[in-house]
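Structure below is structure_18.cif: mmCIF, C-alpha atoms and all ligand atoms.
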data_upload
#
loop_
_atom_site.label_atom_id
_atom_site.label_comp_id
_atom_site.auth_asym_id
_atom_site.auth_seq_id
_atom_site.Cartn_x
_atom_site.Cartn_y
_atom_site.Cartn_z
CA MET N 1 93.07 99.59 86.10
CA ILE N 2 92.64 100.14 89.80
CA PHE N 3 96.19 101.47 90.32
CA LYS N 4 96.08 103.84 87.40
CA PRO N 5 95.42 107.52 88.08
CA LYS N 6 92.75 109.14 85.97
CA ILE N 7 95.04 112.16 85.57
CA TRP N 8 98.75 112.69 86.22
CA ILE N 9 100.10 116.20 86.78
CA LYS N 10 103.34 117.71 88.04
CA ASN N 11 101.85 119.21 91.21
CA VAL N 12 98.69 120.84 92.51
CA LEU N 13 99.75 124.19 91.06
CA SER N 14 98.83 122.72 87.65
CA ILE N 15 95.20 122.73 88.76
CA ASP N 16 93.42 125.83 87.51
CA LYS N 17 89.95 126.91 86.39
CA GLU N 18 90.31 125.43 82.93
CA PHE N 19 91.58 122.10 84.30
CA LEU N 20 88.68 121.87 86.75
CA GLU N 21 86.08 122.64 84.09
CA LYS N 22 87.60 120.28 81.56
CA ASN N 23 87.62 117.41 84.03
CA GLY N 24 84.30 118.16 85.73
CA ILE N 25 85.75 118.71 89.19
CA ASP N 26 83.97 120.69 91.94
CA ALA N 27 85.93 119.53 94.96
CA LEU N 28 89.45 118.44 95.90
CA ILE N 29 90.44 115.98 98.59
CA LEU N 30 94.07 116.81 99.16
CA ASP N 31 96.87 114.66 100.49
CA LEU N 32 99.30 116.58 102.72
CA ASP N 33 102.83 115.14 102.75
CA ASN N 34 104.60 115.62 99.43
CA THR N 35 101.41 117.04 97.91
CA LEU N 36 101.05 120.34 99.79
CA SER N 37 104.35 120.29 101.68
CA LEU N 38 107.56 118.34 102.02
CA HIS N 39 107.19 115.26 104.19
CA GLY N 40 107.00 116.42 107.82
CA ASP N 41 107.64 120.07 106.95
CA PRO N 42 105.59 122.40 109.19
CA ALA N 43 105.23 124.85 106.27
CA ALA N 44 103.57 124.41 102.90
CA GLU N 45 105.61 124.45 99.72
CA GLU N 46 106.11 127.65 97.79
CA GLY N 47 103.01 128.83 95.99
CA ILE N 48 100.59 126.56 97.86
CA PRO N 49 98.86 129.23 100.02
CA GLU N 50 98.35 131.45 96.95
CA TRP N 51 97.02 128.48 94.95
CA LEU N 52 94.58 127.62 97.76
CA GLY N 53 93.41 131.23 97.68
CA LYS N 54 92.68 130.95 93.96
CA MET N 55 90.80 127.68 94.45
CA ASN N 56 88.71 129.33 97.19
CA GLU N 57 87.90 132.23 94.86
CA LEU N 58 86.68 129.72 92.29
CA GLY N 59 84.42 128.15 94.91
CA VAL N 60 86.27 124.83 94.89
CA LYS N 61 85.52 122.83 98.00
CA MET N 62 88.62 121.36 99.62
CA ARG N 63 89.58 119.12 102.49
CA VAL N 64 92.80 117.42 103.53
CA VAL N 65 92.72 113.67 104.01
CA SER N 66 96.07 112.43 105.26
CA ASN N 67 97.23 109.08 106.57
CA ASN N 68 99.53 110.93 108.92
CA THR N 69 98.73 111.68 112.57
CA PRO N 70 96.60 114.57 113.89
CA LYS N 71 99.76 115.94 115.50
CA ARG N 72 101.33 116.32 112.07
CA VAL N 73 98.25 117.31 110.09
CA ALA N 74 96.37 119.71 112.38
CA PRO N 75 98.90 122.58 112.61
CA LEU N 76 99.56 122.80 108.87
CA ALA N 77 95.89 122.38 107.92
CA ALA N 78 95.03 125.19 110.34
CA LYS N 79 97.76 127.37 108.86
CA LEU N 80 96.31 126.77 105.39
CA GLY N 81 92.71 127.24 106.51
CA LEU N 82 91.69 123.72 105.52
CA GLU N 83 89.46 121.25 107.29
CA PHE N 84 91.12 117.87 107.60
CA THR N 85 90.87 114.19 108.31
CA ALA N 86 93.98 112.66 109.90
CA ASN N 87 94.68 108.93 110.18
CA GLY N 88 92.78 108.75 106.89
CA ALA N 89 93.74 105.10 106.26
CA LYS N 90 93.91 105.49 102.48
CA PRO N 91 93.54 103.34 100.36
CA LEU N 92 90.61 102.27 102.55
CA THR N 93 87.66 104.37 101.51
CA PHE N 94 85.92 105.34 104.76
CA GLY N 95 88.04 108.46 105.30
CA LEU N 96 87.52 109.58 101.71
CA ASN N 97 83.80 108.85 101.84
CA SER N 98 83.30 110.81 105.05
CA ALA N 99 85.31 113.67 103.52
CA VAL N 100 82.91 113.77 100.56
CA LYS N 101 79.98 113.88 102.98
CA ALA N 102 81.61 116.72 104.88
CA LEU N 103 82.20 118.59 101.62
CA GLY N 104 78.67 117.96 100.43
CA THR N 105 79.81 117.12 96.91
CA GLU N 106 79.26 114.33 94.43
CA LYS N 107 81.87 111.58 94.34
CA LYS N 108 82.12 111.66 90.59
CA ARG N 109 82.88 115.40 90.67
CA THR N 110 85.38 115.10 93.51
CA ALA N 111 89.07 114.49 92.90
CA VAL N 112 91.48 112.76 95.25
CA VAL N 113 94.88 114.37 94.79
CA GLY N 114 98.09 112.79 96.07
CA ASP N 115 101.60 111.59 95.35
CA GLN N 116 101.22 107.90 96.13
CA ILE N 117 99.74 105.22 93.91
CA PHE N 118 99.12 102.71 96.70
CA THR N 119 97.24 105.11 98.96
CA ASP N 120 95.93 108.21 97.15
CA VAL N 121 95.30 106.84 93.68
CA LEU N 122 94.08 103.42 94.75
CA GLY N 123 91.84 104.93 97.43
CA GLY N 124 90.36 107.46 95.01
CA ASN N 125 89.68 104.79 92.43
CA LEU N 126 88.15 102.40 94.97
CA ALA N 127 85.92 105.20 96.27
CA GLY N 128 84.68 106.02 92.76
CA MET N 129 86.26 109.45 92.69
CA ILE N 130 88.61 111.11 90.19
CA SER N 131 92.18 110.11 91.04
CA ILE N 132 94.90 112.66 90.38
CA LEU N 133 98.55 111.70 90.82
CA VAL N 134 101.14 114.39 91.49
CA ASP N 135 104.91 114.05 91.56
CA PRO N 136 106.17 114.13 95.15
CA PHE N 137 107.90 117.35 96.15
CA GLN N 138 110.75 115.29 97.49
CA LEU N 139 111.54 111.65 97.06
CA GLU N 140 111.82 110.22 100.53
CA LYS N 141 115.26 108.94 101.31
CA SER N 142 114.31 105.88 103.31
CA LEU N 143 114.79 102.51 101.65
CA PRO N 144 111.19 101.24 101.88
CA PHE N 145 109.99 104.44 100.20
CA ARG N 146 112.61 104.15 97.51
CA ILE N 147 111.68 100.56 96.79
CA LYS N 148 108.02 101.49 96.60
CA ARG N 149 108.79 104.37 94.25
CA SER N 150 110.81 102.11 91.99
CA ILE N 151 107.96 99.64 91.78
CA GLU N 152 105.51 102.41 91.06
CA ASN N 153 107.72 103.84 88.37
CA LEU N 154 108.41 100.49 86.75
CA VAL N 155 104.95 99.06 86.88
CA PHE N 156 102.44 101.82 86.97
CA ARG N 157 103.83 105.04 85.60
CA ARG N 158 105.43 103.43 82.56
CA ASP N 159 102.45 103.82 80.28
CA LEU N 160 101.20 107.08 81.72
CA LYS N 161 101.61 110.42 80.08
CA LYS N 162 101.91 113.44 82.32
CA ARG N 163 99.74 116.42 81.38
MG MG N 201 101.70 112.01 100.30
#
Show me, as structure tokens, the structure contained in the file I just sent.
Amino acid sequence: MIFKPKIWIKNVLSIDKEFLEKNGIDALILDLDNTLSLHGDPAAEEGIPEWLGKMNELGVKMRVVSNNTPKRVAPLAAKLGLEFTANGAKPLTFGLNSAVKALGTEKKRTAVVGDQIFTDVLGGNLAGMISILVDPFQLEKSLPFRIKRSIENLVFRRDLKKR
């Protein structure tokens, strides 16, 4: 199913050496808002810089692909030492595909990690990459977001089991 993540985890901190080996992952395309930081927060969430350091030690290639603006994405990506694509237009695949080219990895060994089914998971699946859904750090308070979350929870997460 095109909306179904290949893997569902609590957050990126669940990704470690064993997880990467087990799932055949060499590279991570990371969403920003609610995946590495709270929505709009200029700082990353607790533990994220240390986790990125561990991933770097393991030789995992990483890049941020966010649908948010360069103004939002650039400062935090720079702070975290990550290359990035802003205005990524997920679930369209061109941003994800160019990110894979920039990383120099194979699509089938590259995971797209994010908190949204309709952008991150759908985009990853459409691009032929490994889709990984994380729980958002914070559920957005705006009504459209809440409605979307309810639909996701009702329709798509119902039969999923979190690892
Ligand atoms: Mg997000």
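Of the listed residues N:Gln116, N:Asn97, N:Gln138, N:Asn34, the one whose atoms come nearest to Ile151 (chain N) is N:Gln116, with distances taken using all atoms listed in the file.
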Open item on the list: Here's a test: counting all atoms listed in the file, identify every protein, DNA and RNA residue with an atom at most 12 Å from (90.8, 131.1, 91.8) in the file's coordinate frame, and state them as a PyMOL selection string.
Closed with: chain N and resi 13+15-20+49-61
Taking a cut-off of 6 Å and counting only C-alpha atoms and all ligand atoms, can you build a table that, for each residue of chain N near ligand MG 201 (chain N), reports the nearest atom pair and how far apart they are in Å (one decimal), sorted by chain then residue number, as CSV?
residue,atom,partner,partner_atom,distance
N:Asp31,CA,N:MG201,MG,5.5
N:Leu32,CA,N:MG201,MG,5.7
N:Asp33,CA,N:MG201,MG,4.1
N:Asn34,CA,N:MG201,MG,4.7
N:Thr35,CA,N:MG201,MG,5.6
N:Gly114,CA,N:MG201,MG,5.6
N:Asp115,CA,N:MG201,MG,5.0
N:Gln116,CA,N:MG201,MG,5.9
- [ ] Could you tell me which of N:Leu80, N:Asn67, N:Leu122, N:Ser37 comes closest to Met1 (chain N) if we count only C-alpha atoms?
- [x]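 Of the candidates, the smallest distance to Met1 (chain N) is held by N:Leu122.
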Task: CA of Ser66 (chain N) to CA of Val155 (chain N), distance in Å rounded to a single decimal - done: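 The value is 24.4 Å.
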10 Å contact set for Leu133 (chain N), all atoms listed in the file, chain neighbours under 4 positions out, as a PDB file with C-alpha atoms, in the coordinates of the input:
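Contents of part11.pdb, as written:
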ATOM      1  CA  LYS N   4      96.080 103.840  87.400  1.00  0.00           C
ATOM      2  CA  PRO N   5      95.420 107.520  88.080  1.00  0.00           C
ATOM      3  CA  LYS N   6      92.750 109.140  85.970  1.00  0.00           C
ATOM      4  CA  ILE N   7      95.040 112.160  85.570  1.00  0.00           C
ATOM      5  CA  TRP N   8      98.750 112.690  86.220  1.00  0.00           C
ATOM      6  CA  ILE N   9     100.100 116.200  86.780  1.00  0.00           C
ATOM      7  CA  LYS N  10     103.340 117.710  88.040  1.00  0.00           C
ATOM      8  CA  ASN N  11     101.850 119.210  91.210  1.00  0.00           C
ATOM      9  CA  VAL N  12      98.690 120.840  92.510  1.00  0.00           C
ATOM     10  CA  THR N  35     101.410 117.040  97.910  1.00  0.00           C
ATOM     11  CA  VAL N 112      91.480 112.760  95.250  1.00  0.00           C
ATOM     12  CA  VAL N 113      94.880 114.370  94.790  1.00  0.00           C
ATOM     13  CA  GLY N 114      98.090 112.790  96.070  1.00  0.00           C
ATOM     14  CA  ASP N 115     101.600 111.590  95.350  1.00  0.00           C
ATOM     15  CA  GLN N 116     101.220 107.900  96.130  1.00  0.00           C
ATOM     16  CA  ILE N 117      99.740 105.220  93.910  1.00  0.00           C
ATOM     17  CA  ASP N 120      95.930 108.210  97.150  1.00  0.00           C
ATOM     18  CA  VAL N 121      95.300 106.840  93.680  1.00  0.00           C
ATOM     19  CA  ARG N 157     103.830 105.040  85.600  1.00  0.00           C
ATOM     20  CA  LYS N 162     101.910 113.440  82.320  1.00  0.00           C
TER      21      LYS N 162
END
Task: Minimum-distance residue to Glu21 (chain N), chosen among N:Ala43, N:Ser98, N:Arg109, N:Thr69 (using all atoms listed in the file) - done: N:Arg109
Open item on the list: Could you tell me how far CA of Asn153 (chain N) sits from CA of Ala86 (chain N), in Å to one decimal place?
Closed with: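 Computing the Euclidean distance for CA of Ala86 (chain N) and CA of Asn153 (chain N) yields 27.0 Å.
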